[in-house]
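Enquirer: Have a peek at entry_24.tsv (TSV, C-alpha atoms).
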```
chain	number	residue	atom	x	y	z
C	1	MET	CA	-69.16	120.47	196.05
C	2	LYS	CA	-67.83	123.78	197.40
C	3	LEU	CA	-65.59	124.10	194.35
C	4	LEU	CA	-68.55	123.57	192.04
C	5	MET	CA	-70.55	126.20	193.93
C	6	CYS	CA	-67.69	128.69	193.63
C	7	LEU	CA	-67.23	127.99	189.93
C	8	THR	CA	-70.96	128.42	189.38
C	9	PHE	CA	-71.05	131.72	191.26
C	10	VAL	CA	-68.02	133.12	189.43
C	11	GLY	CA	-69.34	131.82	186.11
C	12	MET	CA	-72.76	133.44	186.54
C	13	ILE	CA	-71.19	136.79	187.50
C	14	ALA	CA	-68.92	136.55	184.45
C	15	SER	CA	-71.87	135.71	182.19
C	16	LEU	CA	-73.85	138.70	183.44
C	17	TYR	CA	-70.88	140.98	182.77
C	18	ALA	CA	-70.30	139.44	179.34
C	19	ALA	CA	-73.95	139.67	178.30
C	20	PHE	CA	-74.80	143.16	179.60
C	21	ILE	CA	-71.49	145.03	179.47
C	22	TYR	CA	-68.85	143.29	177.35
C	23	ALA	CA	-71.00	142.28	174.38
C	24	PRO	CA	-72.01	145.14	172.03
C	25	THR	CA	-75.65	146.05	171.47
C	26	GLU	CA	-77.07	144.34	168.39
C	27	ALA	CA	-77.75	146.92	165.67
C	28	VAL	CA	-81.20	145.69	164.57
C	29	MET	CA	-82.80	144.12	167.67
C	30	GLY	CA	-81.24	146.42	170.23
C	31	PRO	CA	-80.96	145.62	173.96
C	32	ILE	CA	-83.56	142.82	173.85
C	33	GLN	CA	-81.01	140.72	171.95
C	34	ARG	CA	-79.01	140.35	175.17
C	35	ILE	CA	-81.50	137.74	176.39
C	36	PHE	CA	-80.10	135.57	173.59
C	37	TYR	CA	-77.10	134.57	175.72
C	38	PHE	CA	-79.23	133.25	178.56
C	39	HIS	CA	-81.71	131.72	176.12
C	40	MET	CA	-78.90	129.74	174.52
C	41	GLY	CA	-77.64	128.80	177.99
C	42	THR	CA	-80.98	127.21	178.83
C	43	VAL	CA	-81.07	125.47	175.44
C	44	TRP	CA	-77.63	123.97	176.09
C	45	VAL	CA	-78.48	122.79	179.61
C	46	ALA	CA	-81.76	121.21	178.48
C	47	THR	CA	-79.91	119.42	175.68
C	48	LEU	CA	-77.23	118.16	178.05
C	49	ALA	CA	-79.85	117.03	180.57
C	50	PHE	CA	-81.84	115.03	178.02
C	51	ILE	CA	-78.70	113.38	176.68
C	52	ILE	CA	-77.96	112.22	180.22
C	53	VAL	CA	-81.54	110.94	180.57
C	54	PHE	CA	-81.12	108.98	177.35
C	55	ILE	CA	-77.82	107.38	178.39
C	56	SER	CA	-78.98	106.73	181.96
C	57	SER	CA	-82.22	105.12	180.78
C	58	ILE	CA	-80.30	102.74	178.54
C	59	GLN	CA	-77.97	101.89	181.42
C	60	TYR	CA	-80.90	101.33	183.76
C	61	LEU	CA	-82.48	98.88	181.33
C	62	ARG	CA	-79.15	97.05	181.10
C	63	LYS	CA	-78.24	96.93	184.79
C	64	GLU	CA	-81.38	97.91	186.76
C	65	SER	CA	-79.13	99.97	189.02
C	66	ARG	CA	-80.82	102.55	191.22
C	67	PHE	CA	-77.93	104.90	190.46
C	68	TRP	CA	-78.90	105.16	186.80
C	69	ASP	CA	-82.59	105.46	187.69
C	70	ILE	CA	-81.88	108.38	190.01
C	71	LEU	CA	-79.60	110.03	187.49
C	72	ALA	CA	-82.22	109.77	184.72
C	73	LEU	CA	-85.02	111.11	186.92
C	74	SER	CA	-82.94	113.95	188.36
C	75	SER	CA	-81.58	115.00	185.00
C	76	ALA	CA	-85.05	114.93	183.46
C	77	GLU	CA	-86.37	117.25	186.17
C	78	VAL	CA	-83.54	119.71	185.61
C	79	GLY	CA	-84.02	119.40	181.85
C	80	VAL	CA	-87.73	120.20	182.07
C	81	LEU	CA	-86.94	123.23	184.23
C	82	PHE	CA	-84.48	124.59	181.69
C	83	ILE	CA	-86.52	123.82	178.60
C	84	THR	CA	-89.37	125.70	180.29
C	85	LEU	CA	-86.98	128.62	180.71
C	86	THR	CA	-86.01	128.18	177.06
C	87	ILE	CA	-89.61	128.63	175.98
C	88	ILE	CA	-90.12	131.61	178.32
C	89	THR	CA	-86.95	133.47	177.31
C	90	GLY	CA	-87.62	132.69	173.66
C	91	SER	CA	-91.10	134.19	173.95
C	92	ILE	CA	-89.75	137.32	175.64
C	93	TRP	CA	-87.25	137.66	172.79
C	94	ALA	CA	-89.84	136.92	170.09
C	95	LYS	CA	-92.46	139.51	171.10
C	96	PRO	CA	-90.50	142.68	170.19
C	97	VAL	CA	-88.57	141.01	167.34
C	98	TRP	CA	-91.29	138.95	165.61
C	99	GLY	CA	-94.30	140.83	166.94
C	100	THR	CA	-95.74	137.74	168.64
C	101	TRP	CA	-95.05	135.70	171.76
C	102	TRP	CA	-95.28	132.40	169.90
C	103	THR	CA	-95.49	131.01	166.39
C	104	TRP	CA	-95.65	127.41	165.21
C	105	ASP	CA	-92.24	127.63	163.61
C	106	PRO	CA	-90.77	124.10	163.00
C	107	GLN	CA	-88.13	124.53	165.71
C	108	LEU	CA	-90.59	125.95	168.23
C	109	THR	CA	-93.08	123.19	167.50
C	110	THR	CA	-90.57	120.38	167.98
C	111	THR	CA	-89.29	122.08	171.15
C	112	PHE	CA	-92.84	122.24	172.51
C	113	ILE	CA	-93.28	118.54	171.75
C	114	LEU	CA	-89.99	117.80	173.54
C	115	TRP	CA	-91.22	119.71	176.58
C	116	ILE	CA	-94.47	117.69	176.64
C	117	LEU	CA	-92.64	114.37	176.20
C	118	TYR	CA	-90.37	114.89	179.18
C	119	ILE	CA	-93.23	116.09	181.37
C	120	VAL	CA	-94.96	112.80	180.49
C	121	TYR	CA	-91.72	110.96	181.37
C	122	LEU	CA	-91.66	112.62	184.80
C	123	ILE	CA	-95.30	111.68	185.38
C	124	LEU	CA	-94.61	108.08	184.41
C	125	ARG	CA	-91.50	107.81	186.56
C	126	SER	CA	-93.11	109.52	189.56
C	127	SER	CA	-96.14	107.24	189.40
C	128	ALA	CA	-93.87	104.17	189.24
C	129	GLY	CA	-92.43	104.80	192.70
C	130	SER	CA	-90.34	101.81	193.78
C	131	ASP	CA	-91.94	99.48	191.23
C	132	THR	CA	-88.97	98.43	189.07
C	133	LYS	CA	-91.21	97.13	186.28
C	134	LYS	CA	-92.95	100.49	185.89
C	135	ALA	CA	-89.59	102.23	186.23
C	136	ARG	CA	-88.35	100.22	183.25
C	137	TYR	CA	-91.37	101.36	181.22
C	138	ALA	CA	-90.52	104.96	182.13
C	139	ALA	CA	-86.91	104.35	181.05
C	140	VAL	CA	-88.13	103.09	177.67
C	141	PHE	CA	-90.24	106.22	177.29
C	142	GLY	CA	-87.22	108.33	178.25
C	143	ILE	CA	-85.30	106.77	175.37
C	144	ILE	CA	-88.16	107.32	172.92
C	145	ALA	CA	-88.62	110.95	174.05
C	146	PHE	CA	-84.98	111.65	173.22
C	147	LEU	CA	-85.66	110.95	169.54
C	148	ASP	CA	-87.36	114.33	169.27
C	149	LEU	CA	-84.19	116.17	170.31
C	150	PRO	CA	-82.34	115.68	166.99
C	151	LEU	CA	-85.53	116.86	165.25
C	152	VAL	CA	-85.37	120.14	167.15
C	153	TYR	CA	-81.91	120.85	165.77
C	154	ALA	CA	-82.65	119.45	162.32
C	155	SER	CA	-85.83	121.53	162.01
C	156	ALA	CA	-83.86	124.77	162.30
C	157	ARG	CA	-81.62	123.76	159.42
C	158	LEU	CA	-83.70	121.55	157.14
C	159	MET	CA	-87.16	123.08	157.68
C	160	ARG	CA	-86.04	126.69	157.99
C	161	GLY	CA	-88.60	128.86	159.68
C	162	ILE	CA	-88.04	132.22	161.35
C	163	SER	CA	-85.89	130.88	164.19
C	164	PRO	CA	-82.32	132.15	163.76
C	165	VAL	CA	-79.38	129.77	163.28
C	166	VAL	CA	-76.09	130.93	164.78
C	167	PHE	CA	-73.81	127.93	164.33
C	168	GLY	CA	-73.11	125.91	161.21
C	169	ASP	CA	-72.68	126.65	157.52
C	170	ARG	CA	-76.17	128.06	157.24
C	171	GLY	CA	-75.94	130.13	160.39
C	172	GLY	CA	-75.92	133.89	160.34
C	173	GLY	CA	-72.97	134.15	162.68
C	174	ILE	CA	-72.35	136.74	165.39
C	175	ALA	CA	-69.68	139.30	166.24
C	176	PRO	CA	-66.54	137.98	168.00
C	177	GLU	CA	-67.40	139.79	171.25
C	178	MET	CA	-70.88	138.27	171.16
C	179	MET	CA	-69.40	134.81	170.64
C	180	VAL	CA	-67.15	135.29	173.67
C	181	ALA	CA	-70.18	136.33	175.76
C	182	LEU	CA	-72.09	133.31	174.51
C	183	LEU	CA	-69.28	130.87	175.33
C	184	VAL	CA	-68.85	132.36	178.81
C	185	THR	CA	-72.59	131.97	179.40
C	186	LEU	CA	-72.58	128.36	178.16
C	187	VAL	CA	-69.75	127.47	180.54
C	188	ALA	CA	-71.50	129.21	183.46
C	189	PHE	CA	-74.78	127.41	182.74
C	190	THR	CA	-72.92	124.10	182.53
C	191	PHE	CA	-71.60	124.63	186.06
C	192	LEU	CA	-75.11	125.62	187.18
C	193	PHE	CA	-76.56	122.47	185.64
C	194	PHE	CA	-74.19	120.13	187.41
C	195	LEU	CA	-74.68	121.98	190.70
C	196	ILE	CA	-78.48	121.62	190.53
C	197	LEU	CA	-78.19	118.03	189.30
C	198	ARG	CA	-75.91	117.11	192.20
C	199	GLU	CA	-78.32	118.63	194.70
C	200	ARG	CA	-81.28	116.81	193.12
C	201	ILE	CA	-79.44	113.47	193.24
C	202	ASP	CA	-78.59	114.05	196.91
C	203	ILE	CA	-82.27	114.65	197.65
C	204	GLU	CA	-83.27	111.41	195.95
C	205	ASN	CA	-80.57	109.47	197.81
C	206	MET	CA	-81.82	111.01	201.06
C	207	LYS	CA	-85.34	109.82	200.26
C	208	ASP	CA	-83.99	106.29	199.78
C	209	GLU	CA	-82.18	106.44	203.13
C	210	ILE	CA	-85.33	107.61	204.91
C	211	ALA	CA	-87.39	104.86	203.29
C	212	LYS	CA	-84.77	102.29	204.32
C	213	LEU	CA	-84.79	103.54	207.92
C	214	LYS	CA	-88.59	103.34	208.05
C	215	ILE	CA	-88.46	99.72	206.88
C	216	GLU	CA	-85.83	98.87	209.47
C	217	GLU	CA	-87.88	100.51	212.22
C	218	ALA	CA	-90.98	98.59	211.13
C	219	LEU	CA	-89.05	95.32	211.46
```
Rewrite the structure of this file - the entire thing - as structure tokens.
Expert:
Amino acid sequence: MKLLMCLTFVGMIASLYAAFIYAPTEAVMGPIQRIFYFHMGTVWVATLAFIIVFISSIQYLRKESRFWDILALSSAEVGVLFITLTIITGSIWAKPVWGTWWTWDPQLTTTFILWILYIVYLILRSSAGSDTKKARYAAVFGIIAFLDLPLVYASARLMRGISPVVFGDRGGGIAPEMMVALLVTLVAFTFLFFLILRERIDIENMKDEIAKLKIEEAL
């Protein structure tokens, strides 16, 4: 755990240096473009989190193991946090560049739907409590919610709106120094994700231990 905390700290310092000092200023958008690195970091973490929810939900339906239930719930909470940051940083970026905080661009629309779906998942799972039957229903919804994620990425490429595409054949590409800054930020945010996820899992395990002790005391 201490190693992960150190890696996260070093990674975040490196990402700040890479984004604000190492990477050159974008010629058209200017300094506001620097939020791009952190925006993409939140996009990556949200994507990773929802993939884990998807896999964990399938595993929970197969094995009904509390481990997979906790992992799905914890990862979904972290994912919702970072997709919220995705929307916020994207809006901050969009205002000076597009002239508006929000537009119903295909990618933005599918991202908004994804955000809503996982908030609904959290509501369902939270209301289920220790009821395994309701928890299974939440797991099914977690699997269904994931189906929107590929649409988010496909919408940027197949239903091209004004959202920029960096990677892929149809992407605009970025300068080598900018790519380095982006990769450093993605690595740093990956460490941050696993650190927060680990802490969230520990909290949920602690809740289970407290509930178990209360039952034992009642007996």
Enquirer: Taking all atoms listed in the file into account, which of C:Met206, C:Met40, C:Ala139, C:Met178 comes nearest Glu26 (chain C)?
Expert: C:Met178
Enquirer: Near Ile196 (chain C), within 9 Å and counting only C-alpha atoms, which residues show up once chain neighbours fewer than 5 positions away are dropped, as number ranges by chain?
Expert: C: 78, 191, 201
Enquirer: Which one is closest to Leu16 (chain C): C:Tyr37, C:Ile174, C:Gly30, C:Ser91? Count all atoms listed in the file.
Expert: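 Ranking C:Tyr37, C:Ile174, C:Gly30, C:Ser91 by distance to Leu16 (chain C), first place goes to C:Tyr37.
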Enquirer: Need the neighbours of (-76.3, 129.8, 189.0): which residues are at most 8 Å away, counting only C-alpha atoms, as number ranges by chain?
Expert: C: 8-9, 11-12, 188-189, 191-192
Enquirer: CA of Arg34 (chain C) and CA of Thr100 (chain C), how far apart in Å?
Expert: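 For CA of Thr100 (chain C) relative to CA of Arg34 (chain C), the distance reads 18.1 Å.
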